[in-house]
file protein.pdb (PDB, C-alpha atoms)
ATOM      1  CA  MET A  23      54.734  30.781  -4.366
ATOM      2  CA  GLU A  24      55.827  31.684  -7.874
ATOM      3  CA  SER A  25      57.652  29.009  -9.838
ATOM      4  CA  TYR A  26      57.883  27.866 -13.436
ATOM      5  CA  THR A  27      58.231  24.548 -15.209
ATOM      6  CA  THR A  28      59.243  24.129 -18.840
ATOM      7  CA  MET A  29      59.107  20.626 -20.309
ATOM      8  CA  THR A  30      59.446  18.939 -23.695
ATOM      9  CA  ILE A  31      58.873  15.244 -24.344
ATOM     10  CA  ASN A  32      59.838  14.059 -27.849
ATOM     11  CA  PHE A  33      58.404  10.911 -29.430
ATOM     12  CA  ASN A  34      58.963   9.272 -32.812
ATOM     13  CA  ASN A  35      55.399  10.016 -33.945
ATOM     14  CA  SER A  36      52.324  12.068 -33.101
ATOM     15  CA  GLU A  37      50.250   9.018 -32.158
ATOM     16  CA  ALA A  38      52.660   8.194 -29.310
ATOM     17  CA  ALA A  39      52.678  11.841 -28.177
ATOM     18  CA  ASN A  40      48.871  11.892 -27.999
ATOM     19  CA  LYS A  41      48.773   8.603 -26.059
ATOM     20  CA  ALA A  42      51.366   9.971 -23.625
ATOM     21  CA  MET A  43      49.328  13.139 -23.165
ATOM     22  CA  ASN A  44      46.349  11.007 -22.106
ATOM     23  CA  ILE A  45      48.570   9.056 -19.678
ATOM     24  CA  ILE A  46      49.831  12.292 -18.114
ATOM     25  CA  LYS A  47      46.322  13.728 -17.767
ATOM     26  CA  ALA A  48      45.103  10.489 -16.158
ATOM     27  CA  ALA A  49      48.070  10.528 -13.756
ATOM     28  CA  LEU A  50      47.212  14.081 -12.709
ATOM     29  CA  LYS A  51      43.696  12.978 -11.725
ATOM     30  CA  THR A  52      45.122  10.463  -9.218
ATOM     31  CA  ILE A  53      47.142  13.052  -7.301
ATOM     32  CA  THR A  54      45.850  15.478  -4.696
ATOM     33  CA  PRO A  55      47.660  18.753  -5.311
ATOM     34  CA  LYS A  56      48.889  20.999  -2.534
ATOM     35  CA  PHE A  57      47.511  23.953  -4.502
ATOM     36  CA  PRO A  58      44.598  22.879  -6.806
ATOM     37  CA  THR A  59      44.948  25.912  -9.076
ATOM     38  CA  GLU A  60      48.334  24.606 -10.208
ATOM     39  CA  PHE A  61      46.654  21.610 -11.870
ATOM     40  CA  THR A  62      44.272  23.926 -13.666
ATOM     41  CA  THR A  63      47.169  26.033 -14.900
ATOM     42  CA  PHE A  64      49.281  23.022 -15.873
ATOM     43  CA  GLU A  65      46.429  21.308 -17.748
ATOM     44  CA  LYS A  66      45.852  24.553 -19.640
ATOM     45  CA  ASP A  67      49.571  24.927 -20.429
ATOM     46  CA  ILE A  68      50.386  21.385 -21.612
ATOM     47  CA  THR A  69      50.016  20.882 -25.359
ATOM     48  CA  VAL A  70      50.813  18.358 -28.072
ATOM     49  CA  LYS A  71      52.470  19.675 -31.237
ATOM     50  CA  GLU A  72      53.119  16.950 -33.781
ATOM     51  CA  ASN A  73      55.392  14.448 -31.985
ATOM     52  CA  GLU A  74      56.108  16.590 -28.882
ATOM     53  CA  ILE A  75      54.424  17.287 -25.577
ATOM     54  CA  ILE A  76      55.295  20.824 -24.555
ATOM     55  CA  VAL A  77      54.880  22.847 -21.364
ATOM     56  CA  ASP A  78      56.221  26.391 -21.630
ATOM     57  CA  GLU A  79      56.793  28.092 -18.270
ATOM     58  CA  SER A  80      53.780  26.669 -16.497
ATOM     59  CA  CYS A  81      53.239  28.018 -13.011
ATOM     60  CA  SER A  82      53.872  25.242 -11.738
ATOM     61  CA  LEU A  83      54.060  21.481 -12.133
ATOM     62  CA  TRP A  84      56.577  20.644  -9.404
ATOM     63  CA  GLN A  85      54.544  21.900  -6.472
ATOM     64  CA  ALA A  86      51.427  20.253  -7.860
ATOM     65  CA  ILE A  87      52.557  16.641  -8.295
ATOM     66  CA  GLY A  88      56.008  16.316  -6.830
ATOM     67  CA  ARG A  89      58.488  15.575  -9.591
ATOM     68  CA  VAL A  90      58.608  15.156 -13.352
ATOM     69  CA  ASP A  91      60.451  11.826 -13.052
ATOM     70  CA  VAL A  92      57.127  10.370 -11.848
ATOM     71  CA  LEU A  93      55.565  11.306 -15.201
ATOM     72  CA  ALA A  94      58.519   9.851 -17.137
ATOM     73  CA  LYS A  95      58.154   6.528 -15.305
ATOM     74  CA  GLU A  96      54.392   6.466 -15.888
ATOM     75  CA  VAL A  97      54.743   7.135 -19.630
ATOM     76  CA  ALA A  98      57.579   4.594 -20.043
ATOM     77  CA  THR A  99      55.599   1.914 -18.201
ATOM     78  CA  LYS A 100      52.362   2.425 -20.126
ATOM     79  CA  LEU A 101      53.978   3.063 -23.536
ATOM     80  CA  ALA A 102      56.773   0.507 -23.191
ATOM     81  CA  ASP A 103      57.229   0.149 -26.973
ATOM     82  CA  GLU A 104      57.605   3.904 -27.630
ATOM     83  CA  ASP A 105      61.004   5.553 -27.206
ATOM     84  CA  PHE A 106      61.126   9.159 -25.975
ATOM     85  CA  THR A 107      63.348  11.862 -24.558
ATOM     86  CA  LEU A 108      62.320  14.341 -21.897
ATOM     87  CA  GLU A 109      63.879  17.645 -20.880
ATOM     88  CA  CYS A 110      62.468  19.653 -18.028
ATOM     89  CA  TYR A 111      63.584  22.752 -16.166
ATOM     90  CA  TYR A 112      62.071  24.034 -12.927
ATOM     91  CA  ASP A 113      62.800  27.414 -11.333
ATOM     92  CA  SER A 114      61.342  28.728  -8.083
ATOM     93  CA  CYS A 115      61.319  32.506  -8.050
ATOM     94  CA  ASP A 116      60.709  32.609  -4.289
ATOM     95  CA  CYS A 117      63.407  30.376  -2.816
ATOM     96  CA  GLY A 118      65.833  30.081  -5.747
ATOM     97  CA  TYR A 119      65.580  26.279  -5.989
ATOM     98  CA  LYS A 120      66.283  25.033  -9.513
ATOM     99  CA  GLU A 121      66.143  21.585 -11.030
ATOM    100  CA  SER A 122      66.913  20.151 -14.455
ATOM    101  CA  VAL A 123      65.719  16.694 -15.498
ATOM    102  CA  LYS A 124      66.805  14.884 -18.654
ATOM    103  CA  ALA A 125      65.346  11.460 -19.354
ATOM    104  CA  ASP A 126      65.799   9.000 -22.169
ATOM    105  CA  TYR A 127      63.679   5.921 -22.728
ATOM    106  CA  SER A 128      64.892   3.418 -25.323
ATOM    107  CA  ASN A 129      65.263  -0.339 -25.630
ATOM    108  CA  GLY A 130      63.120  -0.859 -22.531
ATOM    109  CA  LYS A 131      65.403   1.221 -20.284
ATOM    110  CA  LEU A 132      64.584   4.602 -18.718
ATOM    111  CA  THR A 133      67.555   6.762 -17.717
ATOM    112  CA  ILE A 134      66.832   9.883 -15.646
ATOM    113  CA  ASN A 135      69.535  12.474 -14.923
ATOM    114  CA  THR A 136      68.674  15.177 -12.404
ATOM    115  CA  VAL A 137      70.641  18.248 -11.330
ATOM    116  CA  ALA A 138      69.332  20.317  -8.407
ATOM    117  CA  SER A 139      70.621  23.452  -6.719
ATOM    118  CA  GLU A 140      69.548  26.364  -4.594
ATOM    119  CA  ASP A 141      71.113  28.765  -7.107
ATOM    120  CA  ASN A 142      73.574  29.283  -9.953
ATOM    121  CA  GLY A 143      77.272  29.853  -9.244
ATOM    122  CA  TYR A 144      78.230  33.512  -8.703
ATOM    123  CA  CYS A 145      81.432  35.331  -7.845
ATOM    124  CA  PRO A 146      81.265  35.968  -4.075
ATOM    125  CA  GLU A 147      83.092  39.285  -4.512
ATOM    126  CA  CYS A 148      81.212  41.023  -7.327
ATOM    127  CA  GLY A 149      78.108  38.882  -7.914
ATOM    128  CA  GLU A 150      79.000  38.031 -11.538
ATOM    129  CA  LEU A 151      77.300  34.872 -12.867
ATOM    130  CA  ILE A 152      80.053  32.286 -13.327
ATOM    131  CA  VAL A 153      78.210  29.059 -14.183
ATOM    132  CA  ARG A 154      74.627  27.854 -14.403
ATOM    133  CA  PHE A 155      73.842  25.136 -11.863
ATOM    134  CA  ASP A 156      73.136  22.525 -14.555
ATOM    135  CA  GLU A 157      76.422  23.246 -16.369
ATOM    136  CA  TYR A 158      78.570  23.027 -13.235
ATOM    137  CA  ASP A 159      81.583  20.692 -13.390
ATOM    138  CA  SER A 160      83.202  19.797 -10.075
ATOM    139  CA  ASN A 161      86.534  19.195 -11.838
ATOM    140  CA  ALA A 162      86.624  22.561 -13.634
ATOM    141  CA  HIS A 163      88.553  25.656 -12.574
ATOM    142  CA  TYR A 164      86.369  28.759 -12.559
ATOM    143  CA  TYR A 165      87.651  32.318 -12.852
ATOM    144  CA  CYS A 166      85.673  35.534 -12.478
ATOM    145  CA  PRO A 167      85.806  37.594 -15.691
ATOM    146  CA  GLU A 168      85.531  40.770 -13.578
ATOM    147  CA  CYS A 169      87.958  39.994 -10.723
ATOM    148  CA  GLY A 170      90.219  37.541 -12.537
ATOM    149  CA  GLU A 171      90.562  35.367  -9.422
ATOM    150  CA  GLU A 172      90.160  31.609  -9.390
ATOM    151  CA  LEU A 173      86.987  30.873  -7.444
ATOM    152  CA  ASP A 174      86.302  28.371  -4.702
ATOM    153  CA  HIS A 175      83.365  26.175  -5.759
ATOM    154  CA  GLU A 176      81.652  26.265  -2.383
ATOM    155  CA  GLU A 177      81.878  30.057  -2.270
ATOM    156  CA  MET A 178      80.282  30.296  -5.744
ATOM    157  CA  PHE A 179      77.339  28.226  -4.503
ATOM    158  CA  GLU A 180      76.859  29.665  -1.026
ATOM    159  CA  ASP A 181      73.757  27.539  -0.332
ATOM    160  CA  GLY A 182      75.468  24.302  -1.357
ATOM    161  CA  LEU A 183      76.905  22.717  -4.481
ATOM    162  CA  PRO A 184      74.513  21.324  -7.106
ATOM    163  CA  THR A 185      73.551  17.684  -6.627
ATOM    164  CA  PHE A 186      73.606  15.227  -9.513
ATOM    165  CA  THR A 187      71.602  11.994  -9.554
ATOM    166  CA  LYS A 188      71.240   9.307 -12.184
ATOM    167  CA  GLU A 189      68.555   6.653 -12.076
ATOM    168  CA  ILE A 190      68.325   3.731 -14.518
ATOM    169  CA  ILE A 191      65.100   1.726 -14.576
ATOM    170  CA  LYS A 192      64.494  -1.399 -16.658
ATOM    171  CA  ILE A 193      60.894  -1.159 -17.870
ATOM    172  CA  LYS A 194      60.703  -4.213 -20.113
TER     173      LYS A 194
END

call {"tool": "encode", "arguments": {"input": "protein.pdb", "output": "structure tokens"}}
result
Amino acid sequence: MESYTTMTINFNNSEAANKAMNIIKAALKTITPKFPTEFTTFEKDITVKENEIIVDESCSLWQAIGRVDVLAKEVATKLADEDFTLECYYDSCDCGYKESVKADYSNGKLTINTVASEDNGYCPECGELIVRFDEYDSNAHYYCPECGEELDHEEMFEDGLPTFTKEIIKIK
């Protein structure tokens, strides 16, 4: 299974980023991966650069531990006095599943916004990309630049419309 995860976690200082990196590595040791080589790859791919933790197209975090929101909760709980933002994008090359996670931790509250979809939105007639799954707006009117026709949302996303979830967790 080929899939890629890109993630950036921003902190206010490098000390917090390094502490968070240790929390993430410790969390990985408590999880039994479905495919052990994914942990090896992920641990090799995760880095700290100044005040950021960065993963650039690792193959693949999601299948190894489940979901990135688990890491966000772990970091927020153990570094309750350190604010951070997290952006993560997952793309499965095999099945087309995509997920975008944006998290913000400040003032003791963790907010996690997730968008998931089986694919981006395409014109059902000509295959033209109309909208990325994580930019989809259910209230928008979409037109194909090739065909000129207004498009039905469910036809653009033949495997189902993107799902949006928002979770707010009070940490302290």

call {"tool": "closest_residue", "arguments": {"input": "protein.pdb", "among": "A:Ile75, A:Asn135, A:Val70, A:Ala94", "to": "Ala49 of chain A", "atoms": "only C-alpha atoms"}}
result
A:Ala94

call {"tool": "resolve_selection", "arguments": {"input": "protein.pdb", "expression": "the PyMOL selection byres ((chain A and resi 152-163) around 9)", "output": "NGL selection string"}}
result
:A and (120-122 or 136-145 or 149-151 or 164-167 or 172-175 or 178-179 or 183-184 or 186)

call {"tool": "write_last_selection", "arguments": {"input": "protein.pdb", "atoms": "C-alpha atoms", "output": "PDB file, in the frame of the given file"}}
result
ATOM      1  CA  LYS A 120      66.283  25.033  -9.513  1.00  0.00           C
ATOM      2  CA  GLU A 121      66.143  21.585 -11.030  1.00  0.00           C
ATOM      3  CA  SER A 122      66.913  20.151 -14.455  1.00  0.00           C
ATOM      4  CA  THR A 136      68.674  15.177 -12.404  1.00  0.00           C
ATOM      5  CA  VAL A 137      70.641  18.248 -11.330  1.00  0.00           C
ATOM      6  CA  ALA A 138      69.332  20.317  -8.407  1.00  0.00           C
ATOM      7  CA  SER A 139      70.621  23.452  -6.719  1.00  0.00           C
ATOM      8  CA  GLU A 140      69.548  26.364  -4.594  1.00  0.00           C
ATOM      9  CA  ASP A 141      71.113  28.765  -7.107  1.00  0.00           C
ATOM     10  CA  ASN A 142      73.574  29.283  -9.953  1.00  0.00           C
ATOM     11  CA  GLY A 143      77.272  29.853  -9.244  1.00  0.00           C
ATOM     12  CA  TYR A 144      78.230  33.512  -8.703  1.00  0.00           C
ATOM     13  CA  CYS A 145      81.432  35.331  -7.845  1.00  0.00           C
ATOM     14  CA  GLY A 149      78.108  38.882  -7.914  1.00  0.00           C
ATOM     15  CA  GLU A 150      79.000  38.031 -11.538  1.00  0.00           C
ATOM     16  CA  LEU A 151      77.300  34.872 -12.867  1.00  0.00           C
ATOM     17  CA  TYR A 164      86.369  28.759 -12.559  1.00  0.00           C
ATOM     18  CA  TYR A 165      87.651  32.318 -12.852  1.00  0.00           C
ATOM     19  CA  CYS A 166      85.673  35.534 -12.478  1.00  0.00           C
ATOM     20  CA  PRO A 167      85.806  37.594 -15.691  1.00  0.00           C
ATOM     21  CA  GLU A 172      90.160  31.609  -9.390  1.00  0.00           C
ATOM     22  CA  LEU A 173      86.987  30.873  -7.444  1.00  0.00           C
ATOM     23  CA  ASP A 174      86.302  28.371  -4.702  1.00  0.00           C
ATOM     24  CA  HIS A 175      83.365  26.175  -5.759  1.00  0.00           C
ATOM     25  CA  MET A 178      80.282  30.296  -5.744  1.00  0.00           C
ATOM     26  CA  PHE A 179      77.339  28.226  -4.503  1.00  0.00           C
ATOM     27  CA  LEU A 183      76.905  22.717  -4.481  1.00  0.00           C
ATOM     28  CA  PRO A 184      74.513  21.324  -7.106  1.00  0.00           C
ATOM     29  CA  PHE A 186      73.606  15.227  -9.513  1.00  0.00           C
TER      30      PHE A 186
END

call {"tool": "atom_distance", "arguments": {"input": "protein.pdb", "atom1": "atom CA of Tyr111 of chain A", "atom2": "atom CA of Cys148 of chain A"}}
result
26.9 Å

call {"tool": "closest_residue", "arguments": {"input": "protein.pdb", "among": "A:Thr62, A:Lys124, A:Lys194, A:Ile45", "to": "Ile31 of chain A", "atoms": "all atoms listed in the file"}}
result
A:Lys124

call {"tool": "resolve_selection", "arguments": {"input": "protein.pdb", "expression": "the PyMOL selection byres ((chain A and resi 79) around 9)", "output": "MDAnalysis selection string"}}
result
chainID A and resid 25:29 67 77:78 80:82 111:112

call {"tool": "write_last_selection", "arguments": {"input": "protein.pdb", "atoms": "C-alpha atoms", "output": "CSV table (one decimal), keeping the file's coordinate frame"}}
result
chain,number,residue,atom,x,y,z
A,25,SER,CA,57.7,29.0,-9.8
A,26,TYR,CA,57.9,27.9,-13.4
A,27,THR,CA,58.2,24.5,-15.2
A,28,THR,CA,59.2,24.1,-18.8
A,29,MET,CA,59.1,20.6,-20.3
A,67,ASP,CA,49.6,24.9,-20.4
A,77,VAL,CA,54.9,22.8,-21.4
A,78,ASP,CA,56.2,26.4,-21.6
A,80,SER,CA,53.8,26.7,-16.5
A,81,CYS,CA,53.2,28.0,-13.0
A,82,SER,CA,53.9,25.2,-11.7
A,111,TYR,CA,63.6,22.8,-16.2
A,112,TYR,CA,62.1,24.0,-12.9

call {"tool": "resolve_selection", "arguments": {"input": "protein.pdb", "expression": "the PyMOL selection byres ((chain A and resi 40) around 9)", "output": "MDAnalysis selection string"}}
result
chainID A and resid 36:39 41:45 70 72:75

call {"tool": "closest_residue", "arguments": {"input": "protein.pdb", "among": "A:Ile190, A:Cys169, A:Asp105, A:Glu176", "to": "Asn34 of chain A", "atoms": "only C-alpha atoms"}}
result
A:Asp105
